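Peer 1: Take this structure, written in structure tokens, and hold onto it; I'll ask about it next.
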Amino acid sequence: MTGGRAIGLACTVASILFLAILVPGIDANRFTGGGMQFYSVGPTALPYFAGGLMLLFSVLTLITSGQERPKPAESGVASASLWRPVVFILLAAALSGGMLIAGFLIAAILFLLAVFWIYGAASKPLALGLGVAVPLGVDLVLRKLFYIPLPVAPFLS
């Protein structure tokens with residue numbers, strides 16, 4: 001078993017346990033007062049959403065980790081293995097800071113487009129479409145379905 005499959009299997013088991021045991025326990029341990037409830041969804045909606053995504057990505061990791069990948073050229077292997085995580089960490093930090101300046105939507109679109117451009121997306125039109133559609137979808141789900149406010153650009157509010 002490869003390391004990727006072991007991680008995929010461990011995360012699959014952990015996400016199943018999370019979804020089956022821990023998330024249902026949230027409602028059981030919740031104090032319900034006599035006041036009004038102002039939430040559109042219960043307290044388990046986001047944990048089920050996150051756990052479901054974790055399960056999906058864990059199973060995908062489990063399935064795809066054993067496939068043969070093309071081997072990079074011998075020259076530059078060490079440098080390629082170091083610069084990619086460093087660039088991603090810098091991009092994630094820029095996303096965090098960018099949300100304060102440009103808001104979630106603009107920062108997330110720029111982040112995804114930069115990731116696709118730097119790491120060489122196979123299809124540029126697909127990368128452009130996903131770079132715009134995924135942040136829009138996340139923004140709509142969190143704002144309209146879960147009523148979670150996300151940072152908005154000061155110049156747009």
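Each chain in the structure tokens gets a letter, A, B, ..., in the order shown, and its residues are numbered from 1; ligands are numbered from 1 in order too.
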Quick one: residues within 7 Å of A:Gly103, only C-alpha atoms counted, chain neighbours fewer than 3 positions away excluded, as a PyMOL selection string?
Peer 2: chain A and resi 98-100+106-107+151-153
Peer 1: Generate a file of the selected residues that holds all heavy atoms, formatted as a PDB file, in the first residue's frame.
Peer 2:
```pdb
ATOM      1  N   GLY A  98      -5.671  39.236   1.416  1.00  0.00           N
ATOM      2  CA  GLY A  98      -6.451  39.810   0.325  1.00  0.00           C
ATOM      3  C   GLY A  98      -7.935  39.908   0.638  1.00  0.00           C
ATOM      4  O   GLY A  98      -8.629  40.782   0.127  1.00  0.00           O
ATOM      5  N   MET A  99      -8.425  39.000   1.480  1.00  0.00           N
ATOM      6  CA  MET A  99      -9.839  39.063   1.855  1.00  0.00           C
ATOM      7  C   MET A  99     -10.158  40.334   2.625  1.00  0.00           C
ATOM      8  O   MET A  99     -11.261  40.854   2.539  1.00  0.00           O
ATOM      9  CB  MET A  99     -10.232  37.835   2.678  1.00  0.00           C
ATOM     10  CG  MET A  99     -10.528  36.642   1.829  1.00  0.00           C
ATOM     11  SD  MET A  99     -11.393  35.363   2.727  1.00  0.00           S
ATOM     12  CE  MET A  99     -10.052  34.427   3.354  1.00  0.00           C
ATOM     13  N   LEU A 100      -9.199  40.830   3.386  1.00  0.00           N
ATOM     14  CA  LEU A 100      -9.418  42.068   4.133  1.00  0.00           C
ATOM     15  C   LEU A 100      -9.440  43.281   3.210  1.00  0.00           C
ATOM     16  O   LEU A 100     -10.119  44.264   3.486  1.00  0.00           O
ATOM     17  CB  LEU A 100      -8.333  42.237   5.191  1.00  0.00           C
ATOM     18  CG  LEU A 100      -8.247  41.142   6.240  1.00  0.00           C
ATOM     19  CD1 LEU A 100      -7.042  41.365   7.131  1.00  0.00           C
ATOM     20  CD2 LEU A 100      -9.522  41.066   7.050  1.00  0.00           C
ATOM     21  N   ILE A 106     -13.389  38.347  -4.624  1.00  0.00           N
ATOM     22  CA  ILE A 106     -12.282  38.772  -5.491  1.00  0.00           C
ATOM     23  C   ILE A 106     -10.989  38.063  -5.089  1.00  0.00           C
ATOM     24  O   ILE A 106     -10.246  37.570  -5.943  1.00  0.00           O
ATOM     25  CB  ILE A 106     -12.121  40.303  -5.446  1.00  0.00           C
ATOM     26  CG1 ILE A 106     -13.364  40.972  -6.035  1.00  0.00           C
ATOM     27  CG2 ILE A 106     -10.866  40.746  -6.173  1.00  0.00           C
ATOM     28  CD1 ILE A 106     -13.417  42.465  -5.836  1.00  0.00           C
ATOM     29  N   ALA A 107     -10.720  37.960  -3.793  1.00  0.00           N
ATOM     30  CA  ALA A 107      -9.490  37.307  -3.325  1.00  0.00           C
ATOM     31  C   ALA A 107      -9.479  35.825  -3.686  1.00  0.00           C
ATOM     32  O   ALA A 107      -8.445  35.291  -4.103  1.00  0.00           O
ATOM     33  CB  ALA A 107      -9.338  37.489  -1.816  1.00  0.00           C
ATOM     34  N   PRO A 151     -16.211  38.297   4.181  1.00  0.00           N
ATOM     35  CA  PRO A 151     -15.646  39.635   3.995  1.00  0.00           C
ATOM     36  C   PRO A 151     -16.018  40.213   2.629  1.00  0.00           C
ATOM     37  O   PRO A 151     -15.963  39.521   1.611  1.00  0.00           O
ATOM     38  CB  PRO A 151     -14.137  39.422   4.078  1.00  0.00           C
ATOM     39  CG  PRO A 151     -13.969  38.119   4.795  1.00  0.00           C
ATOM     40  CD  PRO A 151     -15.175  37.301   4.477  1.00  0.00           C
ATOM     41  N   VAL A 152     -16.411  41.466   2.618  1.00  0.00           N
ATOM     42  CA  VAL A 152     -16.755  42.179   1.397  1.00  0.00           C
ATOM     43  C   VAL A 152     -15.724  43.294   1.196  1.00  0.00           C
ATOM     44  O   VAL A 152     -15.289  43.902   2.182  1.00  0.00           O
ATOM     45  CB  VAL A 152     -18.176  42.766   1.487  1.00  0.00           C
ATOM     46  CG1 VAL A 152     -18.541  43.526   0.219  1.00  0.00           C
ATOM     47  CG2 VAL A 152     -19.184  41.676   1.766  1.00  0.00           C
ATOM     48  N   ALA A 153     -15.392  43.545  -0.031  1.00  0.00           N
ATOM     49  CA  ALA A 153     -14.433  44.615  -0.331  1.00  0.00           C
ATOM     50  C   ALA A 153     -14.990  45.937   0.188  1.00  0.00           C
ATOM     51  O   ALA A 153     -16.156  46.245  -0.038  1.00  0.00           O
ATOM     52  CB  ALA A 153     -14.188  44.686  -1.817  1.00  0.00           C
TER      53      ALA A 153
END
```
Peer 1: Where does DSSP see alpha helix (DSSP H) in chain A, if you list the residues as a PyMOL selection string?
Peer 2: chain A and resi 3-17+23-28+45-64+77-118+124-140
Peer 1: Which residues, written as a PyMOL selection string, have at least one atom at most 10 Å from A:Ala92, with only C-alpha atoms counted and residues fewer than 6 positions away on the same chain left out?
Peer 2: chain A and resi 86+98+108+111+115
Peer 1: Of the candidates A:Tyr147, A:Leu130, A:Gly66, A:Phe57, which shows the shortest atom-to-atom distance to A:Leu110, using only C-alpha atoms?
Peer 2: A:Leu130
Peer 1: Could you list, as a JSON list (two decimals) with N, CA and C atoms, in the first residue's frame, every residue within 7 Å of A:Gly4, counting only C-alpha atoms and ignoring same-chain residues fewer than 6 positions away?
Peer 2:
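Result written to result-v2.json:
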```
[["chain", "number", "residue", "atom", "x", "y", "z"],
["A", 61, "THR", "N", -8.80, 10.33, -3.04],
["A", 61, "THR", "CA", -7.38, 10.10, -2.77],
["A", 61, "THR", "C", -7.08, 8.61, -2.73],
["A", 62, "LEU", "N", -7.95, 7.87, -2.09],
["A", 62, "LEU", "CA", -7.79, 6.42, -1.99],
["A", 62, "LEU", "C", -7.80, 5.76, -3.38],
["A", 65, "SER", "N", -4.57, 7.41, -5.80],
["A", 65, "SER", "CA", -3.17, 7.50, -5.36],
["A", 65, "SER", "C", -2.28, 6.39, -5.90]]
```
Peer 1: Nearest to A:Ile63 among A:Leu145, A:Lys124, A:Val134, A:Arg5, with distances taken over only C-alpha atoms: which residue is it?
Peer 2: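 Looking at the shortest contact to A:Ile63, the residue is A:Arg5.
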Peer 1: Looking at A:Thr64, A:Val132, A:Ile109, A:Ala102, which one is nearest to A:Gly3, with distances taken over only C-alpha atoms?
Peer 2: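 For A:Gly3, the nearest of the given residues is A:Thr64.
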Peer 1: Between atom CA of A:Gly25 and atom CA of A:Pro47, measure the distance and give it in Å to one decimal.
Peer 2: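 Separating atom CA of A:Gly25 from atom CA of A:Pro47 is a distance of 11.1 Å.
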Peer 1: Within 7 Å of A:Leu55, counting only C-alpha atoms, which residues show up once you throw out same-chain ones fewer than 6 positions away? Write them as a PDB file with C-alpha atoms, in the first residue's frame, please.
Peer 2:
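This went into part_6.pdb:
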```pdb
ATOM      1  CA  THR A  12     -11.965   7.919   4.866  1.00  0.00           C
ATOM      2  CA  SER A  15     -14.553  11.086   8.126  1.00  0.00           C
ATOM      3  CA  ILE A  16     -17.041   8.201   8.403  1.00  0.00           C
TER       4      ILE A  16
END
```
Peer 1: So that I can see what lies close to A:Arg143, please list as a list in words the residues with an atom at most 12 Å from it, counting only C-alpha atoms and leaving out residues fewer than 6 positions away in the same chain.
Peer 2: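 Here the answer would be Ser40, Phe104, Leu105, Pro135, Leu136, Gly137, Pro149, Leu150, Pro151 and Val152 of chain A.
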Peer 1: For the residues selected in the previous step, produce a file with all heavy atoms as a PDB file, in the first residue's frame.
Peer 2:
```pdb
ATOM      1  N   SER A  40     -31.094  29.563  10.005  1.00  0.00           N
ATOM      2  CA  SER A  40     -31.879  28.909   8.963  1.00  0.00           C
ATOM      3  C   SER A  40     -31.625  27.409   8.944  1.00  0.00           C
ATOM      4  O   SER A  40     -32.452  26.654   8.473  1.00  0.00           O
ATOM      5  CB  SER A  40     -31.541  29.509   7.602  1.00  0.00           C
ATOM      6  OG  SER A  40     -30.184  29.272   7.310  1.00  0.00           O
ATOM      7  N   PHE A 104     -13.906  38.445   0.056  1.00  0.00           N
ATOM      8  CA  PHE A 104     -13.744  37.010  -0.194  1.00  0.00           C
ATOM      9  C   PHE A 104     -13.783  36.682  -1.668  1.00  0.00           C
ATOM     10  O   PHE A 104     -12.932  35.956  -2.175  1.00  0.00           O
ATOM     11  CB  PHE A 104     -14.834  36.206   0.539  1.00  0.00           C
ATOM     12  CG  PHE A 104     -14.871  34.767   0.110  1.00  0.00           C
ATOM     13  CD1 PHE A 104     -13.945  33.875   0.601  1.00  0.00           C
ATOM     14  CD2 PHE A 104     -15.807  34.324  -0.808  1.00  0.00           C
ATOM     15  CE1 PHE A 104     -13.948  32.543   0.181  1.00  0.00           C
ATOM     16  CE2 PHE A 104     -15.827  33.003  -1.219  1.00  0.00           C
ATOM     17  CZ  PHE A 104     -14.897  32.113  -0.720  1.00  0.00           C
ATOM     18  N   LEU A 105     -14.779  37.186  -2.366  1.00  0.00           N
ATOM     19  CA  LEU A 105     -15.008  36.774  -3.750  1.00  0.00           C
ATOM     20  C   LEU A 105     -13.831  37.125  -4.655  1.00  0.00           C
ATOM     21  O   LEU A 105     -13.299  36.258  -5.359  1.00  0.00           O
ATOM     22  CB  LEU A 105     -16.296  37.413  -4.264  1.00  0.00           C
ATOM     23  CG  LEU A 105     -16.902  36.805  -5.506  1.00  0.00           C
ATOM     24  CD1 LEU A 105     -17.136  35.317  -5.321  1.00  0.00           C
ATOM     25  CD2 LEU A 105     -18.210  37.487  -5.825  1.00  0.00           C
ATOM     26  N   PRO A 135     -15.421  29.963  -6.470  1.00  0.00           N
ATOM     27  CA  PRO A 135     -15.641  30.998  -5.448  1.00  0.00           C
ATOM     28  C   PRO A 135     -17.058  31.564  -5.469  1.00  0.00           C
ATOM     29  O   PRO A 135     -17.631  31.852  -4.414  1.00  0.00           O
ATOM     30  CB  PRO A 135     -14.620  32.085  -5.801  1.00  0.00           C
ATOM     31  CG  PRO A 135     -13.546  31.360  -6.517  1.00  0.00           C
ATOM     32  CD  PRO A 135     -14.245  30.286  -7.291  1.00  0.00           C
ATOM     33  N   LEU A 136     -17.647  31.716  -6.650  1.00  0.00           N
ATOM     34  CA  LEU A 136     -19.035  32.188  -6.720  1.00  0.00           C
ATOM     35  C   LEU A 136     -19.980  31.206  -6.042  1.00  0.00           C
ATOM     36  O   LEU A 136     -20.873  31.605  -5.295  1.00  0.00           O
ATOM     37  CB  LEU A 136     -19.461  32.395  -8.178  1.00  0.00           C
ATOM     38  CG  LEU A 136     -19.065  33.703  -8.825  1.00  0.00           C
ATOM     39  CD1 LEU A 136     -19.412  33.691 -10.307  1.00  0.00           C
ATOM     40  CD2 LEU A 136     -19.746  34.858  -8.146  1.00  0.00           C
ATOM     41  N   GLY A 137     -19.782  29.904  -6.301  1.00  0.00           N
ATOM     42  CA  GLY A 137     -20.622  28.885  -5.674  1.00  0.00           C
ATOM     43  C   GLY A 137     -20.469  28.852  -4.165  1.00  0.00           C
ATOM     44  O   GLY A 137     -21.456  28.785  -3.429  1.00  0.00           O
ATOM     45  N   PRO A 149     -21.873  35.525   6.919  1.00  0.00           N
ATOM     46  CA  PRO A 149     -21.306  36.691   6.238  1.00  0.00           C
ATOM     47  C   PRO A 149     -19.827  36.472   5.925  1.00  0.00           C
ATOM     48  O   PRO A 149     -19.076  35.991   6.757  1.00  0.00           O
ATOM     49  CB  PRO A 149     -21.488  37.816   7.252  1.00  0.00           C
ATOM     50  CG  PRO A 149     -21.574  37.126   8.574  1.00  0.00           C
ATOM     51  CD  PRO A 149     -22.160  35.767   8.327  1.00  0.00           C
ATOM     52  N   LEU A 150     -19.460  36.801   4.721  1.00  0.00           N
ATOM     53  CA  LEU A 150     -18.065  36.715   4.295  1.00  0.00           C
ATOM     54  C   LEU A 150     -17.526  38.127   4.099  1.00  0.00           C
ATOM     55  O   LEU A 150     -18.298  39.054   3.885  1.00  0.00           O
ATOM     56  CB  LEU A 150     -17.971  35.937   2.986  1.00  0.00           C
ATOM     57  CG  LEU A 150     -18.355  34.458   3.079  1.00  0.00           C
ATOM     58  CD1 LEU A 150     -18.409  33.845   1.692  1.00  0.00           C
ATOM     59  CD2 LEU A 150     -17.398  33.700   3.957  1.00  0.00           C
ATOM     60  N   PRO A 151     -16.211  38.297   4.181  1.00  0.00           N
ATOM     61  CA  PRO A 151     -15.646  39.635   3.995  1.00  0.00           C
ATOM     62  C   PRO A 151     -16.018  40.213   2.629  1.00  0.00           C
ATOM     63  O   PRO A 151     -15.963  39.521   1.611  1.00  0.00           O
ATOM     64  CB  PRO A 151     -14.137  39.422   4.078  1.00  0.00           C
ATOM     65  CG  PRO A 151     -13.969  38.119   4.795  1.00  0.00           C
ATOM     66  CD  PRO A 151     -15.175  37.301   4.477  1.00  0.00           C
ATOM     67  N   VAL A 152     -16.411  41.466   2.618  1.00  0.00           N
ATOM     68  CA  VAL A 152     -16.755  42.179   1.397  1.00  0.00           C
ATOM     69  C   VAL A 152     -15.724  43.294   1.196  1.00  0.00           C
ATOM     70  O   VAL A 152     -15.289  43.902   2.182  1.00  0.00           O
ATOM     71  CB  VAL A 152     -18.176  42.766   1.487  1.00  0.00           C
ATOM     72  CG1 VAL A 152     -18.541  43.526   0.219  1.00  0.00           C
ATOM     73  CG2 VAL A 152     -19.184  41.676   1.766  1.00  0.00           C
TER      74      VAL A 152
END
```
Peer 1: Would you work out the distance separating atom CA of A:Leu156 from atom CA of A:Ala114, expressed in Å to one decimal?
Peer 2: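 A separation of 22.6 Å between them.
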Peer 1: Atom CA of A:Leu53 and atom CA of A:Ala122, how far apart in Å?
Peer 2: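 Computing the Euclidean distance for atom CA of A:Ala122 and atom CA of A:Leu53 yields 23.8 Å.
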